[in-house]
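Working notes, beginning with the structure itself.
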Number of protein chains: 2
Amino acid sequence: MRAMAAPGLASARRHLRNEPMIENRPGSVSAELIAVLVAVTAGTPRVLTIAEGTSLPSGPLSPEHRSLQAGTRSWVERQTHHPLGYVEQLYTFADNDRNAALGGFGRAISISYLALTREQPKTLDGGASWRNWYDYFPWEDHRQGADLPAPLPGALRAWAQAGASPAERRARKQRAAIAFGLEGRRWNEELVLQRYELLYEAGLVSEAARDGIACHTTPAPRLGHAMRQDHRRILATGIARLRAKITYRPVVFELMPPSFTLLDLQRSVEALAGQLLHKQNFRRLVEQQALVEETGQMAGATGGRPAKLFRFRADILQERAYAGTKPPLPRA
Amino acid sequence: MRAMAAPGLASARRHLRNEPMIENRPGSVSAELIAVLVAVTAGTPRVLTIAEGTSLPSGPLSPEHRSLQAGTRSWVERQTHHPLGYVEQLYTFADNDRNAALGGFGRAISISYLALTREQPKTLDGGASWRNWYDYFPWEDHRQGADLPAPLPGALRAWAQAGASPAERRARKQRAAIAFGLEGRRWNEELVLQRYELLYEAGLVSEAARDGIACHTTPAPRLGHAMRQDHRRILATGIARLRAKITYRPVVFELMPPSFTLLDLQRSVEALAGQLLHKQNFRRLVEQQALVEETGQMAGATGGRPAKLFRFRADILQERAYAGTKPPLPRA
DNA sequence: CCTATTTATGCTCAATTTGAGCATTACTGG
DNA sequence: CCAGTAATGCTCAAATTGAGCATAAATAGG
C-alpha cells in the first residue's frame with residue numbers, strides 16, 4: 001500500500017483492474033451500451049468503430065428497447081444495416097474518466113457487448129468504419145512468424161528492470177514471460193487483455209501516457225492505434241472472449257457466408273486466433289464434429305484443386321451452441 | 001412471432017433470455033450490486049442468503065466505494081466478517097419485476113458478482129444465512145446416483161408433449177435431452193442455467209407460477225426452494241460459472257483452508273461439480289500440475305491410513321490463475 | 001501434350017492425455 | 001491377529017492431438 005500516488009496513478013490502477021468508479025449519488029447513475037461488433041472479411045478480423053477509429057460505437061438505454069441485449073442489437077443493426085448473428089454481454093464497468101466526456105452528468109455505467117455479424121456491410125452511417133483489429137493490437141497477430149513487434153522485447157525487459165525491489169523485478173519478469181510467451185513459454189492467444197493491461201502499466205500504449213503513466217524506454221513506444229477512454233481495453237476484452245469462445249463453441253459460423261470452403265473457414269478462425277493452424281487437423285476436427293455438410297457445389301478456382309463448398313448444419317449448431325465443441329487451436 | 005401473449009409471458013421470456021428491461025428515462029437508472037458468495041464446508045457448497053434464504057445479498061452503489069468490485073468486496077466483507085479471496089463479475093441485467101420492489105424508483109440495473117470465501121464465517125448479520133446451494137437446485141447434485149429427482153423425467157416429457165407443433169415438440173424433446181443428459185447423452189454439469197431456464201419455462205419452479213407461466217403436470221411440481229425476483233437465476237449463473245471455472249483455473253483453492261488432504265480437496269471439487277471423481281486420477285492431476293506441496297504434517301485419523309497434508313503453492317497458483325489448468329472433471 | 005505449381009483431401013503414426021482398475025500400505029477398532 | 005477404511009503407487013487401454021507423407025485435381029506456361 002502506497003500512501004501517496006502520482007497524479008493519474010489511481011485512475012491508472014482502476015483502468016488496469018477493470019475496477020470502475022461509482023457514482024456519487026447512491027443508486028442513480030447514467031448508463032450506456034457499448035458494442036464490440038466483429039466481422040471477418042478476406043482473412044482480416046474487423047471491428048466497427050466510430051470517430052475515425054478512435055471509439056467503439058455506443059448507444060443509449062433508450063425506452064423503446066425492451067432489454068439490454070435487444071437495445072444493443074437494435075441500434076447496432078440500425079447503424080450497420082445488417083442483422084447480428086450473435087450477441088453476448090462482455091463486461092460492465094463505470095469509468096471515472098468517461099465522466100468528463102459526458103459533461104459531468106453523473107458517473108456512467110457502461111455495459112459492453114460482443115456482437116458478430118456475417119459480412120462487412122456496404123453502407124455505414126457517417127463516421128463509422130470497419131478497422132482491422134490488429135491495427136490496435138499489432139502484437140496479437142502471429143500468423144506471419146511469432147516474433148513480437150520490434151520495440152517490445154526490449155521495452156518489456158526495461159519495464160521489468162524498472163521494478164522497485166528485486167522481488168518486484170522478478171514478478172514483472174515472470175508476468176511478462178507468461179503474458180507474451182517469453183523464455184520458452186507457449187504463446188497463449190487468449191491473454192489479450194492481460195497483455196494490453198501490462199503494456200498500459202508499462203507505459204507502452206498511448207492511453208497510458210494520456211493517463212499519466214511513466215515509461216522506461218526512450219523514446220517511449222506507442223504500440224498500436226489508441227482509442228478514447230478505455231475503449232481499447234473493451235476491445236481487448238472482446239477479442240479475448242471471442243478467442244476463448246471459438247475453442248469450445250461454434251461461433252465462427254456467425255461470421256461466415258452461407259457457403260464456404262474448409263480453407264475459408266480455417267482462415268477465419270486463424271484471423272481471430274492470430275495463429276496458423278494445421279490444415280489437415282483442422283479439417284478432421286470440423287468434419288468429425290459434423291458441424292458442416294457439403295452443398296454439392298465446388299468453389300471457383302482458387303489456384304489449385306477446386307474445393308468443395310460447405311454449409312453449416314443448423315441442427316448440430318444449435319446443439320453445440322449449447323453443449324460445446326472441441327478446441328481447434330494448436331499447442332505448439 | 002406471436003402477436004398476442006398471455007399475461008406474464010413477456011416478463012417470462014425476458015427472464016429466460018437474460019434480457020432485462022430498460023428504464024424509461026433514457027440514460028438514467030438506479031443500480032445495485034448483487035453477490036453470489038460461495039463457501040464449501042464439510043462437502044457442502046453453500047451460498048450466502050438473506051431474508052430466510054429467499055434472496056441473495058445485495059448492496060448499493062455507495063459513494064464511499066471506489067469501484068464496483070471494491071464495492072462488492074466491501075459490503076460483503078462487512079456482512080460476513082471474512083475476506084473474499086476471489087471476486088468476478090457475473091452478469092448485468094435490469095429486471096422489470098424488480099421495479100415494483102423498489103417502489104417504482106426507475107428501473108434498476110443489477111450487476112452481479114461471484115465471490116469465493118475460504119470458510120464459513122461464524123457471525124453473520126441478522127437474517128443472513130448460509131444455505132446448501134442444492135436446496136435450490138436439487139437436480140444438480142449427482143454425487144449419489146445420477147437419477148433425476150422423481151417428478152422430473154415425467155414432467156419433462158409432459159412439457160415436450162405440450163409443444164404446439166410437431167416441430168416444437170421435437171425441439172423441446174431435444175432441448176430437454178441435451179440439458180438433462182437424457183436419451184443416452186452425457187450429463188453436462190455446466191448447463192446449470194440452461195436447466196433452470198428450461199424448468200422455468202416448463203412451469204416446474206415456483207418463480208414460473210409467480211410470473212404466470214403454465215405447467216403441464218398436475219399437481220405442478222415446485223422443484224427446489226424459490227427465491228425472490230430472479231435471484232435463483234443469478235445463483236444458477238454463478239454456479240454454472242464456477243463449475244466451468246474450476247475445470248480450467250485453480251479457483252477451488254480460494255475455498256480451502258490453509259492445509260488440507262487431497263481427499264478434502266477432491267470433496268470440495270465434487271461438491272461444486274455435483275459429481276464424483278476418480279480418486280487416483282484426481283490426485284495424479286493435482287500433483288502433476290504441481291499446484292500443491294506437502295506441509296510435512298499428517299491429517300488426524302479419518303478412519304483409514306492417515307493422509308498427508310498439503311498447502312497451495314502460491315507461486316504456481318499465480319501463474320495458473322493467469323495461464324490455466326487442465327480439467328479435473330470426468331466424462332463418463 | 002507435358003510439367004511445375006498450387007490447393008484439396010485421404011491416411012498414418014507417435015506422443016499425450018484420459019478413464020478405469022489392481023495392488024499395496026498404513027492406520028483404527030474389535 | 002483380523003476386518004475395515006483410506007491413502008498411495010502403478011499399469012493399461014482407449015481416445016485425443018500434433019505432425020507429416022502421399023495423392024488428387026485443378027491452372028499456367030512451355
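The chains in the C-alpha cells are called A, B, ... from first to last as shown; in each chain the residues are counted from 1, and the ligands are counted from 1 in the order shown.
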Within 12 Å of C:DA23, counting only C-alpha atoms (C1' of nucleotides), which residues qualify if same-chain residues fewer than 4 places away don't, as an mmCIF file with N, CA and C atoms (P, O5', C5', C4', C3', O3' and C1' of nucleotides), in the first residue's frame?
```cif
data_model
loop_
_atom_site.group_PDB
_atom_site.id
_atom_site.type_symbol
_atom_site.label_atom_id
_atom_site.label_comp_id
_atom_site.auth_asym_id
_atom_site.auth_seq_id
_atom_site.Cartn_x
_atom_site.Cartn_y
_atom_site.Cartn_z
ATOM 1 P P DT D 8 -1.742 -39.800 1.013
ATOM 2 O "O5'" DT D 8 -1.019 -40.758 -0.009
ATOM 3 C "C5'" DT D 8 -0.955 -42.107 0.322
ATOM 4 C "C4'" DT D 8 -0.074 -42.898 -0.597
ATOM 5 C "C3'" DT D 8 0.411 -42.204 -1.858
ATOM 6 O "O3'" DT D 8 1.733 -42.669 -2.123
ATOM 7 C "C1'" DT D 8 -0.902 -44.071 -2.423
ATOM 8 P P DG D 9 2.571 -42.107 -3.348
ATOM 9 O "O5'" DG D 9 2.883 -43.433 -4.189
ATOM 10 C "C5'" DG D 9 2.971 -44.676 -3.510
ATOM 11 C "C4'" DG D 9 3.219 -45.800 -4.505
ATOM 12 C "C3'" DG D 9 3.801 -45.339 -5.840
ATOM 13 O "O3'" DG D 9 4.655 -46.363 -6.354
ATOM 14 C "C1'" DG D 9 1.683 -46.294 -6.212
ATOM 15 P P DC D 10 5.573 -46.141 -7.635
ATOM 16 O "O5'" DC D 10 5.018 -47.225 -8.665
ATOM 17 C "C5'" DC D 10 3.631 -47.461 -8.695
ATOM 18 C "C4'" DC D 10 3.286 -48.619 -9.592
ATOM 19 C "C3'" DC D 10 3.658 -48.387 -11.058
ATOM 20 O "O3'" DC D 10 3.932 -49.632 -11.695
ATOM 21 C "C1'" DC D 10 1.290 -48.325 -10.797
ATOM 22 P P DT D 11 4.344 -49.664 -13.239
ATOM 23 O "O5'" DT D 11 3.039 -50.277 -13.924
ATOM 24 C "C5'" DT D 11 2.219 -51.181 -13.181
ATOM 25 C "C4'" DT D 11 1.092 -51.680 -14.052
ATOM 26 C "C3'" DT D 11 1.379 -51.618 -15.557
ATOM 27 O "O3'" DT D 11 0.712 -52.731 -16.156
ATOM 28 C "C1'" DT D 11 -0.463 -50.247 -15.076
#
```
At a cut-off of 10 Å, can you tabulate as a tab-separated table every residue of chain C near chain A together with its closest atom pair and the distance in Å to one decimal, using only C-alpha atoms (C1' of nucleotides) and ordering rows by chain then number?
```
residue	atom	partner	partner_atom	distance
C:DT5	C1'	A:Gly304	CA	8.2
C:DT6	C1'	A:Gly304	CA	4.4
C:DT7	C1'	A:Gly304	CA	4.2
C:DA8	C1'	A:Arg305	CA	5.7
C:DT9	C1'	A:Gln280	CA	8.3
C:DG10	C1'	A:Gln280	CA	9.4
```
Show me, as number ranges by chain, the residues that have an atom within 12 Å of C:DT3 when counting only C-alpha atoms (C1' of nucleotides), minus same-chain residues fewer than 4 positions from it. D: 27-30
Run DSSP on the backbone and grab whatever in stretch 71-275 of chain B lands in helix (DSSP H, G or I); send it over as a ChimeraX atom specification. /B:71-80,97-101,133-135,138-140,151-161,166-180,192-201,206-210,231-246,252-255,262-273
So, counting only C-alpha atoms, which residue among A:Pro60, A:Gly184, A:Pro258, A:Gly145 is closest to chain B?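 Smallest distance to chain B is found for A:Pro60.
For B:Thr72, the non-local neighbours within 8 Å, defined as residues at least 4 positions apart in the same chain or in other chains and counting only C-alpha atoms (C1' of nucleotides), are Leu33, Ile34, Ala35, Gly59, Leu68, Val76 and Tyr113 of chain B.
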Give me, as JSON lines, the closest atom pair and its distance (Å, one decimal) for every residue of chain D within a cut-off of 9 Å of chain B, counting only C-alpha atoms (C1' of nucleotides), rows sorted by chain and rising number.
```
{"residue": "D:DG4", "atom": "C1'", "partner": "B:Gly304", "partner_atom": "CA", "distance": 8.3}
{"residue": "D:DT5", "atom": "C1'", "partner": "B:Gly304", "partner_atom": "CA", "distance": 4.5}
{"residue": "D:DA6", "atom": "C1'", "partner": "B:Gly304", "partner_atom": "CA", "distance": 4.2}
{"residue": "D:DA7", "atom": "C1'", "partner": "B:Arg305", "partner_atom": "CA", "distance": 5.7}
{"residue": "D:DT8", "atom": "C1'", "partner": "B:Gln280", "partner_atom": "CA", "distance": 8.4}
```
DSSP on the backbone, strand (DSSP E) only: what residues of stretch 33-270 of chain A does that give? Format it as a VMD selection string. chain A and resid 33 to 41 44 to 49 58 to 60 84 to 93 108 to 117 129 to 132
I need the residues from that last selection saved to file as a compact mmCIF listing (two decimals), in the first residue's frame (with C-alpha atoms), if you can.
```txt
# COMPACT_ATOMS: atom_id res chain seq x y z
CA LEU A 33 -24.33 0.30 -24.10
CA ILE A 34 -21.04 -0.26 -25.92
CA ALA A 35 -20.65 -2.79 -28.73
CA VAL A 36 -17.63 -4.69 -29.93
CA LEU A 37 -19.01 -5.61 -33.33
CA VAL A 38 -16.86 -8.08 -35.21
CA ALA A 39 -16.78 -9.26 -38.81
CA VAL A 40 -14.16 -11.17 -40.76
CA THR A 41 -13.51 -10.23 -44.37
CA THR A 44 -8.98 -9.89 -41.65
CA PRO A 45 -10.83 -9.57 -38.39
CA ARG A 46 -12.56 -6.23 -38.32
CA VAL A 47 -14.24 -4.22 -35.64
CA LEU A 48 -16.75 -1.45 -36.17
CA THR A 49 -15.52 1.92 -34.96
CA SER A 58 -22.11 3.19 -28.12
CA GLY A 59 -25.81 3.61 -27.73
CA PRO A 60 -28.13 4.90 -25.08
CA LEU A 84 -26.43 -9.53 -35.82
CA GLY A 85 -25.98 -13.25 -35.52
CA TYR A 86 -24.67 -13.45 -32.05
CA VAL A 87 -24.72 -11.07 -29.12
CA GLU A 88 -23.10 -11.71 -25.79
CA GLN A 89 -22.61 -9.48 -22.80
CA LEU A 90 -18.97 -8.72 -22.13
CA TYR A 91 -18.43 -6.65 -19.07
CA THR A 92 -19.93 -3.81 -17.10
CA PHE A 93 -17.87 -1.01 -15.71
CA ALA A 108 -21.70 6.41 -16.29
CA ILE A 109 -22.15 2.71 -16.16
CA SER A 110 -21.12 1.11 -19.40
CA ILE A 111 -22.41 -2.28 -20.37
CA SER A 112 -20.37 -3.75 -23.17
CA TYR A 113 -21.43 -6.40 -25.64
CA LEU A 114 -19.67 -8.61 -28.11
CA ALA A 115 -21.61 -8.99 -31.35
CA LEU A 116 -20.85 -10.93 -34.51
CA THR A 117 -22.10 -10.21 -38.00
CA SER A 129 -15.80 2.38 -40.28
CA TRP A 130 -14.55 -1.17 -40.08
CA ARG A 131 -10.97 -1.48 -38.86
CA ASN A 132 -8.56 -4.36 -38.77
```
Looking at only C-alpha atoms, which of A:Gln194, A:Asn281, A:Thr54, A:Gln79 is the one that sits closest to chain B?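 Counting only C-alpha atoms, the residue closest to chain B is A:Gln194.
Relative to atom CA of A:Pro149, atom CA of A:Gly43 is found at 20.4 Å.
Taking atom CA of B:Gly127 and atom CA of B:Glu52 as endpoints, the distance between them is 6.4 Å.
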